[in-house]
$ cat input.tsv   # TSV, C-alpha atoms and all ligand atoms
chain	number	residue	atom	x	y	z
A	94	MET	CA	88.99	15.14	-6.92
A	95	LYS	CA	89.99	13.16	-3.86
A	96	LYS	CA	91.39	15.08	-0.91
A	97	ILE	CA	95.10	14.55	-0.17
A	98	GLY	CA	96.53	15.16	3.28
A	99	PHE	CA	97.39	13.73	6.69
A	100	LEU	CA	95.89	10.43	7.75
A	101	GLY	CA	98.06	10.19	10.86
A	102	LEU	CA	100.74	12.06	12.80
A	103	GLY	CA	103.38	10.89	15.28
A	104	ALA	CA	106.36	12.19	17.22
A	105	TYR	CA	109.10	10.98	19.50
A	106	VAL	CA	111.51	12.87	21.73
A	107	PRO	CA	114.26	11.14	23.76
A	108	GLU	CA	113.77	11.03	27.53
A	109	ARG	CA	116.95	12.74	28.63
A	110	ILE	CA	116.54	16.47	29.22
A	111	MET	CA	119.60	18.73	29.04
A	112	THR	CA	119.21	22.17	30.60
A	113	ASN	CA	121.08	25.36	29.71
A	114	GLU	CA	123.00	25.13	33.00
A	115	GLU	CA	124.41	21.79	31.88
A	116	TRP	CA	125.90	23.38	28.77
A	117	SER	CA	128.10	25.58	30.94
A	118	GLN	CA	130.05	22.40	31.86
A	119	TYR	CA	131.15	22.12	28.24
A	120	VAL	CA	131.42	25.72	26.95
A	121	GLU	CA	131.59	29.23	28.37
A	122	THR	CA	127.90	30.08	28.38
A	123	SER	CA	125.01	30.72	30.73
A	124	ASP	CA	121.28	30.14	31.06
A	125	GLU	CA	120.86	33.90	30.82
A	126	TRP	CA	122.73	34.17	27.47
A	127	ILE	CA	120.94	31.22	25.90
A	128	THR	CA	117.51	32.30	27.17
A	129	THR	CA	117.74	35.93	26.08
A	130	ARG	CA	119.23	35.15	22.65
A	131	THR	CA	117.20	32.06	21.76
A	132	GLY	CA	114.36	31.43	24.24
A	133	ILE	CA	115.64	27.86	24.62
A	134	LYS	CA	115.58	26.49	28.21
A	135	GLU	CA	116.16	22.79	27.57
A	136	ARG	CA	116.55	20.22	24.81
A	137	ARG	CA	116.40	16.41	24.52
A	138	ILE	CA	119.49	14.27	24.01
A	139	ALA	CA	119.29	10.77	22.53
A	140	ALA	CA	120.60	7.95	24.74
A	141	PRO	CA	124.07	6.63	23.77
A	142	GLU	CA	122.57	3.38	22.49
A	143	GLN	CA	120.02	5.19	20.29
A	144	SER	CA	120.76	6.12	16.68
A	145	THR	CA	118.78	8.01	14.02
A	146	LEU	CA	116.92	4.85	13.01
A	147	ASP	CA	115.63	4.28	16.56
A	148	LEU	CA	114.17	7.78	16.76
A	149	ALA	CA	112.71	7.51	13.25
A	150	GLU	CA	111.11	4.15	14.00
A	151	LYS	CA	109.34	5.43	17.11
A	152	ALA	CA	107.87	8.45	15.32
A	153	ALA	CA	106.91	6.35	12.29
A	154	ARG	CA	105.11	3.72	14.40
A	155	ALA	CA	103.24	6.48	16.26
A	156	ALA	CA	102.03	7.99	12.97
A	157	LEU	CA	101.00	4.58	11.63
A	158	LEU	CA	99.05	3.87	14.83
A	159	ASP	CA	97.36	7.24	14.53
A	160	ALA	CA	96.48	6.48	10.89
A	161	ASN	CA	95.29	3.00	11.88
A	162	LEU	CA	97.62	1.43	9.32
A	163	THR	CA	100.08	-1.45	9.49
A	164	PRO	CA	103.61	-1.05	8.07
A	165	GLN	CA	102.56	-3.38	5.20
A	166	GLU	CA	100.04	-0.79	4.08
A	167	ILE	CA	102.68	1.89	3.36
A	168	ASP	CA	103.31	2.35	-0.36
A	169	GLU	CA	106.29	4.71	-0.21
A	170	LEU	CA	108.66	6.01	2.47
A	171	ILE	CA	110.58	9.30	2.67
A	172	VAL	CA	112.99	10.24	5.44
A	173	ALA	CA	114.09	13.87	5.78
A	174	THR	CA	117.33	14.04	7.74
A	175	ASP	CA	120.76	15.65	7.82
A	176	THR	CA	122.01	13.22	10.48
A	177	PRO	CA	121.60	9.86	8.73
A	178	GLU	CA	122.05	6.42	10.26
A	179	VAL	CA	125.19	5.89	8.09
A	180	TYR	CA	126.63	7.84	5.14
A	181	ALA	CA	125.20	5.37	2.58
A	182	PRO	CA	122.77	3.72	2.10
A	183	ASP	CA	120.10	6.10	3.25
A	184	THR	CA	118.16	5.96	6.51
A	185	ALA	CA	114.99	5.12	4.57
A	186	SER	CA	116.47	1.73	3.57
A	187	TYR	CA	117.08	0.87	7.21
A	188	LEU	CA	113.65	2.12	8.23
A	189	GLN	CA	111.86	0.13	5.50
A	190	HIS	CA	113.42	-3.04	6.89
A	191	ARG	CA	113.01	-2.16	10.59
A	192	LEU	CA	109.32	-1.41	10.14
A	193	GLY	CA	108.76	-4.61	8.17
A	194	ALA	CA	107.30	-2.70	5.25
A	195	ARG	CA	106.96	-4.28	1.80
A	196	ASN	CA	109.77	-3.66	-0.74
A	197	ILE	CA	108.36	-0.22	-1.47
A	198	PRO	CA	110.31	2.74	-2.91
A	199	SER	CA	112.12	4.35	0.02
A	200	TYR	CA	114.49	7.29	-0.06
A	201	ASP	CA	115.99	10.12	1.95
A	202	LEU	CA	115.61	13.80	1.38
A	203	ALA	CA	118.91	15.00	2.79
A	204	GLY	CA	120.76	18.27	3.11
A	205	SER	CA	117.82	20.66	3.32
A	206	GLY	CA	118.40	21.26	6.98
A	207	CYS	CA	115.37	22.31	8.93
A	208	ALA	CA	113.19	22.69	5.81
A	209	GLY	CA	113.49	18.97	4.99
A	210	PHE	CA	110.24	17.71	6.48
A	211	LEU	CA	107.97	20.21	4.73
A	212	GLN	CA	109.83	19.69	1.45
A	213	ALA	CA	109.30	15.94	1.87
A	214	LEU	CA	105.58	16.47	2.58
A	215	ASP	CA	105.33	18.57	-0.58
A	216	VAL	CA	106.94	15.73	-2.59
A	217	ALA	CA	104.75	13.11	-0.88
A	218	ARG	CA	101.61	15.09	-1.65
A	219	SER	CA	102.45	15.08	-5.36
A	220	ARG	CA	103.21	11.33	-5.29
A	221	VAL	CA	99.93	10.13	-3.76
A	222	SER	CA	97.96	8.22	-6.42
A	223	ASP	CA	95.66	5.21	-6.71
A	224	GLU	CA	98.72	3.01	-7.02
A	225	ARG	CA	100.60	4.67	-4.12
A	226	LYS	CA	97.95	5.57	-1.60
A	227	ASN	CA	99.84	5.85	1.70
A	228	ILE	CA	103.19	7.62	1.89
A	229	LEU	CA	105.03	7.69	5.20
A	230	VAL	CA	107.16	10.79	5.77
A	231	VAL	CA	109.61	11.04	8.68
A	232	GLY	CA	111.66	14.05	9.82
A	233	VAL	CA	114.42	12.98	12.17
A	234	GLU	CA	117.58	14.55	13.58
A	235	LEU	CA	120.11	13.36	16.07
A	236	LEU	CA	122.01	16.62	15.85
A	237	THR	CA	123.68	16.45	19.25
A	238	ARG	CA	125.59	13.32	18.16
A	239	LEU	CA	127.30	14.96	15.18
A	240	MET	CA	127.77	18.57	16.25
A	241	ASN	CA	130.79	20.14	17.91
A	242	TRP	CA	130.21	20.25	21.70
A	243	LYS	CA	132.98	22.84	22.01
A	244	ASP	CA	131.49	25.43	19.67
A	245	ARG	CA	129.24	27.58	21.84
A	246	ASN	CA	127.99	29.51	18.79
A	247	THR	CA	126.05	26.47	17.62
A	248	CYS	CA	125.96	23.62	20.16
A	249	VAL	CA	123.47	25.22	22.56
A	250	LEU	CA	120.87	25.68	19.80
A	251	PHE	CA	120.04	22.09	18.90
A	252	GLY	CA	118.24	19.01	20.20
A	253	ASP	CA	117.26	15.49	19.09
A	254	ALA	CA	113.77	14.39	17.99
A	255	ALA	CA	111.69	12.71	15.28
A	256	GLY	CA	108.26	13.39	13.81
A	257	SER	CA	106.20	11.67	11.17
A	258	ALA	CA	103.09	11.94	9.03
A	259	VAL	CA	101.17	9.52	6.83
A	260	MET	CA	100.12	11.27	3.62
A	261	SER	CA	97.11	9.69	1.99
A	262	SER	CA	93.93	10.37	0.03
A	263	GLY	CA	90.25	10.07	0.91
A	264	ASP	CA	87.53	11.82	2.87
A	265	GLU	CA	89.08	11.19	6.29
A	266	VAL	CA	92.38	13.04	5.70
A	267	SER	CA	93.29	16.53	6.95
A	268	GLU	CA	93.57	18.10	3.54
A	269	ILE	CA	96.63	20.00	2.31
A	270	LEU	CA	95.01	23.01	0.63
A	271	ALA	CA	98.19	24.48	-0.85
A	272	SER	CA	101.96	24.29	-0.66
A	273	ALA	CA	104.85	26.54	-1.65
A	274	ALA	CA	108.62	26.11	-1.51
A	275	GLY	CA	111.83	27.68	-2.76
A	276	THR	CA	115.64	27.64	-2.72
A	277	ASP	CA	118.37	30.26	-2.87
A	278	GLY	CA	121.67	28.43	-3.40
A	279	SER	CA	123.61	31.69	-3.57
A	280	GLN	CA	123.41	31.78	0.23
A	281	SER	CA	124.50	28.20	0.90
A	282	GLU	CA	127.69	29.30	2.66
A	283	ILE	CA	125.92	31.00	5.58
A	284	LEU	CA	124.74	27.68	7.02
A	285	CYS	CA	126.87	24.77	5.97
A	286	LEU	CA	128.65	21.57	7.05
A	287	GLU	CA	131.48	21.29	4.52
A	288	VAL	CA	133.68	18.53	5.80
A	289	GLY	CA	132.84	15.01	4.63
A	290	GLY	CA	131.87	15.94	1.08
A	291	THR	CA	134.17	15.81	-1.95
A	292	ARG	CA	135.21	19.44	-1.51
A	293	LYS	CA	136.72	18.72	1.89
A	294	PRO	CA	136.85	14.95	2.44
A	295	PHE	CA	137.38	13.57	5.92
A	296	THR	CA	141.08	13.37	6.78
A	297	LEU	CA	142.83	12.60	10.02
A	298	GLU	CA	144.26	16.12	10.11
A	299	ARG	CA	140.84	17.74	9.72
A	300	ALA	CA	139.31	15.43	12.30
A	301	GLN	CA	142.14	16.23	14.75
A	302	ARG	CA	141.33	19.91	14.33
A	303	GLY	CA	137.65	19.09	15.02
A	304	GLU	CA	136.68	20.40	11.58
A	305	HIS	CA	134.55	17.35	10.78
A	306	GLN	CA	131.91	18.75	13.13
A	307	ASN	CA	132.27	22.40	12.19
A	308	LEU	CA	128.88	23.79	11.40
A	309	VAL	CA	129.50	27.12	9.70
A	310	MET	CA	126.71	29.48	10.74
A	311	LYS	CA	126.65	33.21	10.19
A	312	GLY	CA	124.08	33.70	12.92
A	313	ARG	CA	122.81	37.16	12.13
A	314	GLU	CA	122.48	36.53	8.38
A	315	VAL	CA	120.72	33.22	9.00
A	316	TYR	CA	118.41	34.96	11.46
A	317	LYS	CA	117.36	37.62	8.91
A	318	GLU	CA	116.87	35.10	6.10
A	319	ALA	CA	114.87	32.77	8.36
A	320	VAL	CA	112.44	35.54	9.29
A	321	HIS	CA	112.14	36.89	5.75
A	322	ARG	CA	111.71	33.52	4.03
A	323	MET	CA	109.28	31.97	6.52
A	324	ALA	CA	107.07	35.07	6.41
A	325	GLN	CA	107.28	35.31	2.60
A	326	VAL	CA	106.49	31.65	1.88
A	327	SER	CA	103.59	31.80	4.37
A	328	GLN	CA	102.09	34.69	2.41
A	329	GLN	CA	102.62	32.75	-0.84
A	330	VAL	CA	100.82	29.68	0.40
A	331	LEU	CA	97.89	31.74	1.70
A	332	ALA	CA	97.63	33.51	-1.66
A	333	LYS	CA	97.70	30.18	-3.51
A	334	ALA	CA	94.88	28.84	-1.33
A	335	GLY	CA	92.96	32.13	-1.56
A	336	VAL	CA	92.83	32.27	2.25
A	337	ASN	CA	93.19	35.27	4.55
A	338	LEU	CA	95.50	34.97	7.57
A	339	ASP	CA	92.55	35.91	9.81
A	340	ASP	CA	90.97	32.59	8.86
A	341	VAL	CA	94.02	30.61	10.02
A	342	ALA	CA	93.65	29.14	13.53
A	343	LEU	CA	97.32	28.40	14.19
A	344	VAL	CA	100.73	29.02	12.59
A	345	ILE	CA	103.40	26.42	13.32
A	346	PRO	CA	106.82	27.65	12.21
A	347	HIS	CA	110.08	25.72	12.33
A	348	GLN	CA	111.21	26.13	15.95
A	349	ALA	CA	114.63	27.71	15.33
A	350	ASN	CA	114.71	30.31	18.05
A	351	LEU	CA	112.11	32.34	19.94
A	352	ARG	CA	113.23	35.69	18.51
A	353	ILE	CA	112.94	34.32	14.97
A	354	LEU	CA	109.44	32.98	15.70
A	355	GLU	CA	108.27	36.25	17.21
A	356	ALA	CA	109.71	38.21	14.29
A	357	VAL	CA	107.88	35.94	11.81
A	358	GLY	CA	104.68	36.57	13.80
A	359	GLU	CA	105.28	40.32	13.64
A	360	ALA	CA	106.08	40.26	9.91
A	361	LEU	CA	102.78	38.46	9.32
A	362	ASN	CA	100.92	40.71	11.77
A	363	LEU	CA	99.78	37.59	13.58
A	364	PRO	CA	98.20	37.72	17.06
A	365	SER	CA	100.62	35.96	19.44
A	366	LYS	CA	97.99	33.42	20.55
A	367	LYS	CA	97.99	32.04	16.99
A	368	LEU	CA	101.74	31.36	17.00
A	369	PHE	CA	102.74	27.91	18.25
A	370	ILE	CA	105.97	27.82	20.27
A	371	ASN	CA	107.74	24.89	21.91
A	372	VAL	CA	111.38	25.86	21.22
A	373	HIS	CA	111.92	26.50	24.95
A	374	LYS	CA	111.40	22.76	25.58
A	375	PHE	CA	113.21	21.15	22.64
A	376	GLY	CA	115.57	23.68	21.00
A	377	ASN	CA	116.06	23.46	17.26
A	378	THR	CA	115.39	19.86	16.18
A	379	GLY	CA	115.92	20.43	12.45
A	380	SER	CA	113.57	18.51	10.20
A	381	ALA	CA	111.80	17.03	13.26
A	382	SER	CA	110.75	20.41	14.58
A	383	VAL	CA	107.53	21.00	12.60
A	384	PRO	CA	106.02	17.50	13.01
A	385	VAL	CA	106.88	17.43	16.73
A	386	ALA	CA	105.25	20.85	17.18
A	387	LEU	CA	102.23	19.77	15.14
A	388	CYS	CA	101.69	16.69	17.32
A	389	GLN	CA	102.07	18.74	20.48
A	390	ALA	CA	99.64	21.41	19.27
A	391	ARG	CA	97.08	18.70	18.55
A	392	GLU	CA	97.64	17.02	21.96
A	393	GLN	CA	97.17	20.38	23.69
A	394	GLY	CA	93.80	20.83	21.96
A	395	ARG	CA	95.03	23.80	19.95
A	396	ILE	CA	93.86	22.26	16.68
A	397	LYS	CA	90.17	21.49	16.23
A	398	LYS	CA	88.27	19.88	13.40
A	399	GLY	CA	87.83	22.37	10.58
A	400	ASP	CA	90.79	24.54	11.67
A	401	LEU	CA	93.22	25.91	9.11
A	402	VAL	CA	96.83	25.42	10.22
A	403	LEU	CA	99.79	26.98	8.45
A	404	LEU	CA	103.15	25.19	8.60
A	405	THR	CA	106.28	27.09	7.59
A	406	SER	CA	109.98	26.23	7.66
A	407	PHE	CA	113.44	27.38	6.68
A	408	GLY	CA	116.82	25.68	6.58
A	409	ALA	CA	120.31	25.33	5.11
A	410	GLY	CA	120.41	25.57	1.35
A	411	LEU	CA	118.87	28.00	1.75
A	412	HIS	CA	115.53	26.21	1.46
A	413	TRP	CA	112.08	27.16	2.64
A	414	ALA	CA	108.64	25.56	2.41
A	415	SER	CA	105.10	26.06	3.67
A	416	LEU	CA	101.84	24.10	3.70
A	417	LEU	CA	98.29	25.08	4.58
A	418	VAL	CA	96.29	22.23	6.13
A	419	LYS	CA	92.59	21.95	6.88
A	420	PHE	CA	92.03	19.65	9.87
B	501	LIG	C1	123.11	32.58	17.11
B	501	LIG	C2	122.33	33.77	17.66
B	501	LIG	C3	121.44	33.29	18.79
B	501	LIG	C4	123.32	34.79	18.20
B	501	LIG	O1	122.61	35.91	18.65
B	501	LIG	P1	123.16	37.37	18.36
B	501	LIG	O2	122.21	38.34	18.93
B	501	LIG	O3	123.46	37.44	16.90
B	501	LIG	O4	124.48	37.34	19.18
B	501	LIG	P2	125.32	38.57	19.61
B	501	LIG	O5	125.91	39.20	18.41
B	501	LIG	O6	124.53	39.46	20.53
B	501	LIG	O7	126.42	37.90	20.46
B	501	LIG	C5	127.48	37.26	19.86
B	501	LIG	C6	128.51	37.10	20.96
B	501	LIG	O8	128.00	36.08	21.85
B	501	LIG	C7	128.96	35.07	21.96
B	501	LIG	N1	128.30	33.79	22.07
B	501	LIG	C8	127.91	32.97	21.09
B	501	LIG	N2	127.33	31.88	21.61
B	501	LIG	C9	127.34	32.03	22.94
B	501	LIG	C10	126.89	31.22	23.99
B	501	LIG	N3	126.30	30.02	23.78
B	501	LIG	N4	127.04	31.67	25.26
B	501	LIG	C11	127.63	32.85	25.49
B	501	LIG	N5	128.11	33.66	24.52
B	501	LIG	C12	127.95	33.24	23.26
B	501	LIG	C13	129.78	35.16	20.68
B	501	LIG	O9	131.05	34.59	20.85
B	501	LIG	C14	129.84	36.64	20.45
B	501	LIG	O10	130.81	37.18	21.29
B	501	LIG	P3	131.76	38.40	20.81
B	501	LIG	O11	130.81	39.53	20.57
B	501	LIG	O12	132.66	38.62	21.96
B	501	LIG	O13	132.42	37.92	19.58
B	501	LIG	C15	121.47	34.45	16.55
B	501	LIG	O14	122.30	35.04	15.60
B	501	LIG	C16	120.55	33.48	15.87
B	501	LIG	O15	119.60	33.01	16.43
B	501	LIG	N6	120.79	33.14	14.58
B	501	LIG	C17	120.03	32.15	13.88
B	501	LIG	C18	120.49	30.77	14.27
B	501	LIG	C19	119.57	29.69	13.77
B	501	LIG	O16	118.40	29.70	14.08
B	501	LIG	N7	120.11	28.73	13.00
B	501	LIG	C20	119.38	27.65	12.46
B	501	LIG	C21	118.44	28.13	11.40
B	501	LIG	S1	117.46	26.86	10.77
$ encode --input "input.tsv" --output "structure tokens"
Amino acid sequence: MKKIGFLGLGAYVPERIMTNEEWSQYVETSDEWITTRTGIKERRIAAPEQSTLDLAEKAARAALLDANLTPQEIDELIVATDTPEVYAPDTASYLQHRLGARNIPSYDLAGSGCAGFLQALDVARSRVSDERKNILVVGVELLTRLMNWKDRNTCVLFGDAAGSAVMSSGDEVSEILASAAGTDGSQSEILCLEVGGTRKPFTLERAQRGEHQNLVMKGREVYKEAVHRMAQVSQQVLAKAGVNLDDVALVIPHQANLRILEAVGEALNLPSKKLFINVHKFGNTGSASVPVALCQAREQGRIKKGDLVLLTSFGAGLHWASLLVKF
């Protein structure tokens, strides 16, 4: 059987850095509060003229360059995002055109929050065939554009970014050895953006109350679920692959918050040097977080040929997903 996995990886983060101190101009907060509760020191903010498509395009082109492919060689395109270019059609339609790809099937995987990219990789892996060899997957969020800059409970947590991977088959790919994913819809209310759907359509009154940007987040419950689910799905994927955690060189979790990452490490009994962390630099970038971290880990020389790398994520839904990759 042919190996299926990554042929190329790419990432893009906007230039503008926003520090914790800057947030205190908008809400009653402090560097001390944000640092002790989340480990975040700064995040990136997209320029006013940039939209989701611009971020997605940059990450996609970086992954294609890394894979040594032209846009015409992509056979399918998936965009994981909760902050789309417009409400409809999906961001993938815009990206297909912007990249100059052929008229290939292109679609978004939306609404899975921070788990979106790994879910999309799992789908892409199952879709690679002789007919559809190269599938481009993008995780992109421009969260700071759509969130409520007056809600200190949520606004300080997020940042903007995009990451991408080309999934393909052949001897040269970094093989996906196993994947696992799951959903618990009974908990959807603990992390949810209600307004804008049919349950609570946009109205002038709701917008005037700022409800259109109200991200409902029960922080402590989300925290516990994030730790539990990322640790659990990591164990599942290792069991599926028949691999011991000792044999894994690096674990790259969704960068939600430093305390969550450390708790996942503890739950797995993982030595801290095997846990990749960049949340202090970028905050929570949703579905972009894992591919951005993966690219950074590779750039920093923390992934070598032959290494086993475990990716794990959790997001609204609740959804969770994990992949084990051999580089
Ligand atoms: C949000 C989170 C950092 C809060 O940490 P916590 O330890 O639960 O917070 P605490 O209970 O100690 O503090 C809450 C208090 O801080 C206040 N607070 C919230 N945000 C604040 C901020 N940015 N600055 C200062 N104070 C803040 C709250 O108003 C509350 O005040 P009160 O007690 O007077 O009501 C934490 O729950 C968390 O990380 N949850 C997961 C969030 C996440 O990762 N979401 C995405 C998942 S993909």
$ closest_atom_pairs --input "input.tsv" --of "segment 155-244 of chain A" --to "segment 343-364 of chain A" --cutoff "10 Å" --atoms "all atoms listed in the file" --output "tab-separated table"
residue	atom	partner	partner_atom	distance
A:Cys207	CA	A:His347	CA	7.2
A:Ala208	CA	A:His347	CA	7.8
A:Phe210	CA	A:His347	CA	9.9
A:Leu211	CA	A:His347	CA	9.6
$ write_last_selection --input "input.tsv" --atoms "C-alpha atoms" --output "mmCIF file, in the coordinates of the input"
data_model
loop_
_atom_site.group_PDB
_atom_site.id
_atom_site.type_symbol
_atom_site.label_atom_id
_atom_site.label_comp_id
_atom_site.auth_asym_id
_atom_site.auth_seq_id
_atom_site.Cartn_x
_atom_site.Cartn_y
_atom_site.Cartn_z
ATOM 1 C CA CYS A 207 115.370 22.310 8.930
ATOM 2 C CA ALA A 208 113.190 22.690 5.810
ATOM 3 C CA PHE A 210 110.240 17.710 6.480
ATOM 4 C CA LEU A 211 107.970 20.210 4.730
#
$ closest_residue --input "input.tsv" --among "A:Asp277, A:Glu169, A:Asp124, A:Asp215" --to "ligand LIG 501 (chain B)" --atoms "all atoms listed in the file"
A:Asp124
$ residues_near_ligand --input "input.tsv" --ligand "ligand LIG 501 (chain B)" --cutoff "6 Å" --atoms "all atoms listed in the file" --output "count of residues only"
18
$ closest_residue --input "input.tsv" --among "A:Thr129, A:Gln389, A:Thr237, A:Ser365" --to "Pro141 of chain A" --atoms "all atoms listed in the file"
A:Thr237
$ atom_distance --input "input.tsv" --atom1 "atom CA of Arg225 of chain A" --atom2 "atom CA of Asp168 of chain A"
5.2 Å
$ closest_residue --input "input.tsv" --among "A:Thr247, A:Ser117, A:Ser219, A:Gln280" --to "Asn377 of chain A" --atoms "only C-alpha atoms"
A:Thr247
$ residues_around --input "input.tsv" --residues "Thr163 of chain A" --least-positions-apart "5" --cutoff "12 Å" --atoms "all atoms listed in the file" --output "list in words"
Gly101, Ala153, Arg154, Ala155, Ala156, Leu157, Leu158, Asp168, Leu192, Gly193, Ala194, Arg195, Asn227, Leu229 and Val259 of chain A
$ write_last_selection --input "input.tsv" --atoms "C-alpha atoms" --output "short mmCIF file (atom, residue, chain, number, x, y, z; two decimals), in the coordinates of the input"
data_model
loop_
_atom_site.label_atom_id
_atom_site.label_comp_id
_atom_site.auth_asym_id
_atom_site.auth_seq_id
_atom_site.Cartn_x
_atom_site.Cartn_y
_atom_site.Cartn_z
CA GLY A 101 98.06 10.19 10.86
CA ALA A 153 106.91 6.35 12.29
CA ARG A 154 105.11 3.72 14.40
CA ALA A 155 103.24 6.48 16.26
CA ALA A 156 102.03 7.99 12.97
CA LEU A 157 101.00 4.58 11.63
CA LEU A 158 99.05 3.87 14.83
CA ASP A 168 103.31 2.35 -0.36
CA LEU A 192 109.32 -1.41 10.14
CA GLY A 193 108.76 -4.61 8.17
CA ALA A 194 107.30 -2.70 5.25
CA ARG A 195 106.96 -4.28 1.80
CA ASN A 227 99.84 5.85 1.70
CA LEU A 229 105.03 7.69 5.20
CA VAL A 259 101.17 9.52 6.83
#
$ closest_residue --input "input.tsv" --among "A:His190, A:Lys311, A:Arg391, A:Lys243" --to "Leu102 of chain A" --atoms "only C-alpha atoms"
A:Arg391
$ closest_residue --input "input.tsv" --among "A:Ala255, A:Ala409, A:Leu214, A:Val330" --to "Ala386 of chain A" --atoms "all atoms listed in the file"
A:Ala255
$ residues_near_point --input "input.tsv" --point "(98.9, 13.0, 4.9)" --cutoff "8 Å" --atoms "all atoms listed in the file" --output "number ranges by chain"
A: 97-101, 214, 218, 227-228, 258-262, 266-269
$ write_last_selection --input "input.tsv" --atoms "C-alpha atoms" --output "mmCIF file, in the frame of the given file"
data_model
loop_
_atom_site.group_PDB
_atom_site.id
_atom_site.type_symbol
_atom_site.label_atom_id
_atom_site.label_comp_id
_atom_site.auth_asym_id
_atom_site.auth_seq_id
_atom_site.Cartn_x
_atom_site.Cartn_y
_atom_site.Cartn_z
ATOM 1 C CA ILE A 97 95.100 14.550 -0.170
ATOM 2 C CA GLY A 98 96.530 15.160 3.280
ATOM 3 C CA PHE A 99 97.390 13.730 6.690
ATOM 4 C CA LEU A 100 95.890 10.430 7.750
ATOM 5 C CA GLY A 101 98.060 10.190 10.860
ATOM 6 C CA LEU A 214 105.580 16.470 2.580
ATOM 7 C CA ARG A 218 101.610 15.090 -1.650
ATOM 8 C CA ASN A 227 99.840 5.850 1.700
ATOM 9 C CA ILE A 228 103.190 7.620 1.890
ATOM 10 C CA ALA A 258 103.090 11.940 9.030
ATOM 11 C CA VAL A 259 101.170 9.520 6.830
ATOM 12 C CA MET A 260 100.120 11.270 3.620
ATOM 13 C CA SER A 261 97.110 9.690 1.990
ATOM 14 C CA SER A 262 93.930 10.370 0.030
ATOM 15 C CA VAL A 266 92.380 13.040 5.700
ATOM 16 C CA SER A 267 93.290 16.530 6.950
ATOM 17 C CA GLU A 268 93.570 18.100 3.540
ATOM 18 C CA ILE A 269 96.630 20.000 2.310
#
$ residues_near_point --input "input.tsv" --point "(114.0, 16.7, 26.8)" --cutoff "9 Å" --atoms "all atoms listed in the file" --output "PyMOL selection string"
chain A and resi 106-112+135-138+252-253+374-375
$ write_last_selection --input "input.tsv" --atoms "C-alpha atoms" --output "compact mmCIF listing (two decimals), in the coordinates of the input"
# COMPACT_ATOMS: atom_id res chain seq x y z
CA VAL A 106 111.51 12.87 21.73
CA PRO A 107 114.26 11.14 23.76
CA GLU A 108 113.77 11.03 27.53
CA ARG A 109 116.95 12.74 28.63
CA ILE A 110 116.54 16.47 29.22
CA MET A 111 119.60 18.73 29.04
CA THR A 112 119.21 22.17 30.60
CA GLU A 135 116.16 22.79 27.57
CA ARG A 136 116.55 20.22 24.81
CA ARG A 137 116.40 16.41 24.52
CA ILE A 138 119.49 14.27 24.01
CA GLY A 252 118.24 19.01 20.20
CA ASP A 253 117.26 15.49 19.09
CA LYS A 374 111.40 22.76 25.58
CA PHE A 375 113.21 21.15 22.64
$ residues_around --input "input.tsv" --residues "Ser199 of chain A" --least-positions-apart "6" --cutoff "6 Å" --atoms "all atoms listed in the file" --output "list in words"
Glu169, Leu170, Ile171 and Ala185 of chain A
$ closest_residue --input "input.tsv" --among "A:Ala213, A:Gly376, A:Gly290, A:Phe295" --to "Leu416 of chain A" --atoms "all atoms listed in the file"
A:Ala213
$ atom_distance --input "input.tsv" --atom1 "atom CA of Ala332 of chain A" --atom2 "atom CA of Ala271 of chain A"
9.1 Å
$ atom_distance --input "input.tsv" --atom1 "atom CA of Gly132 of chain A" --atom2 "atom CA of Gln325 of chain A"
23.1 Å
$ residues_around --input "input.tsv" --residues "Leu270 of chain A" --least-positions-apart "3" --cutoff "7 Å" --atoms "all atoms listed in the file" --output "mmCIF file with C-alpha atoms, keeping the file's coordinate frame"
data_model
loop_
_atom_site.group_PDB
_atom_site.id
_atom_site.type_symbol
_atom_site.label_atom_id
_atom_site.label_comp_id
_atom_site.auth_asym_id
_atom_site.auth_seq_id
_atom_site.Cartn_x
_atom_site.Cartn_y
_atom_site.Cartn_z
ATOM 1 C CA ALA A 334 94.880 28.840 -1.330
ATOM 2 C CA LEU A 417 98.290 25.080 4.580
ATOM 3 C CA VAL A 418 96.290 22.230 6.130
ATOM 4 C CA LYS A 419 92.590 21.950 6.880
#
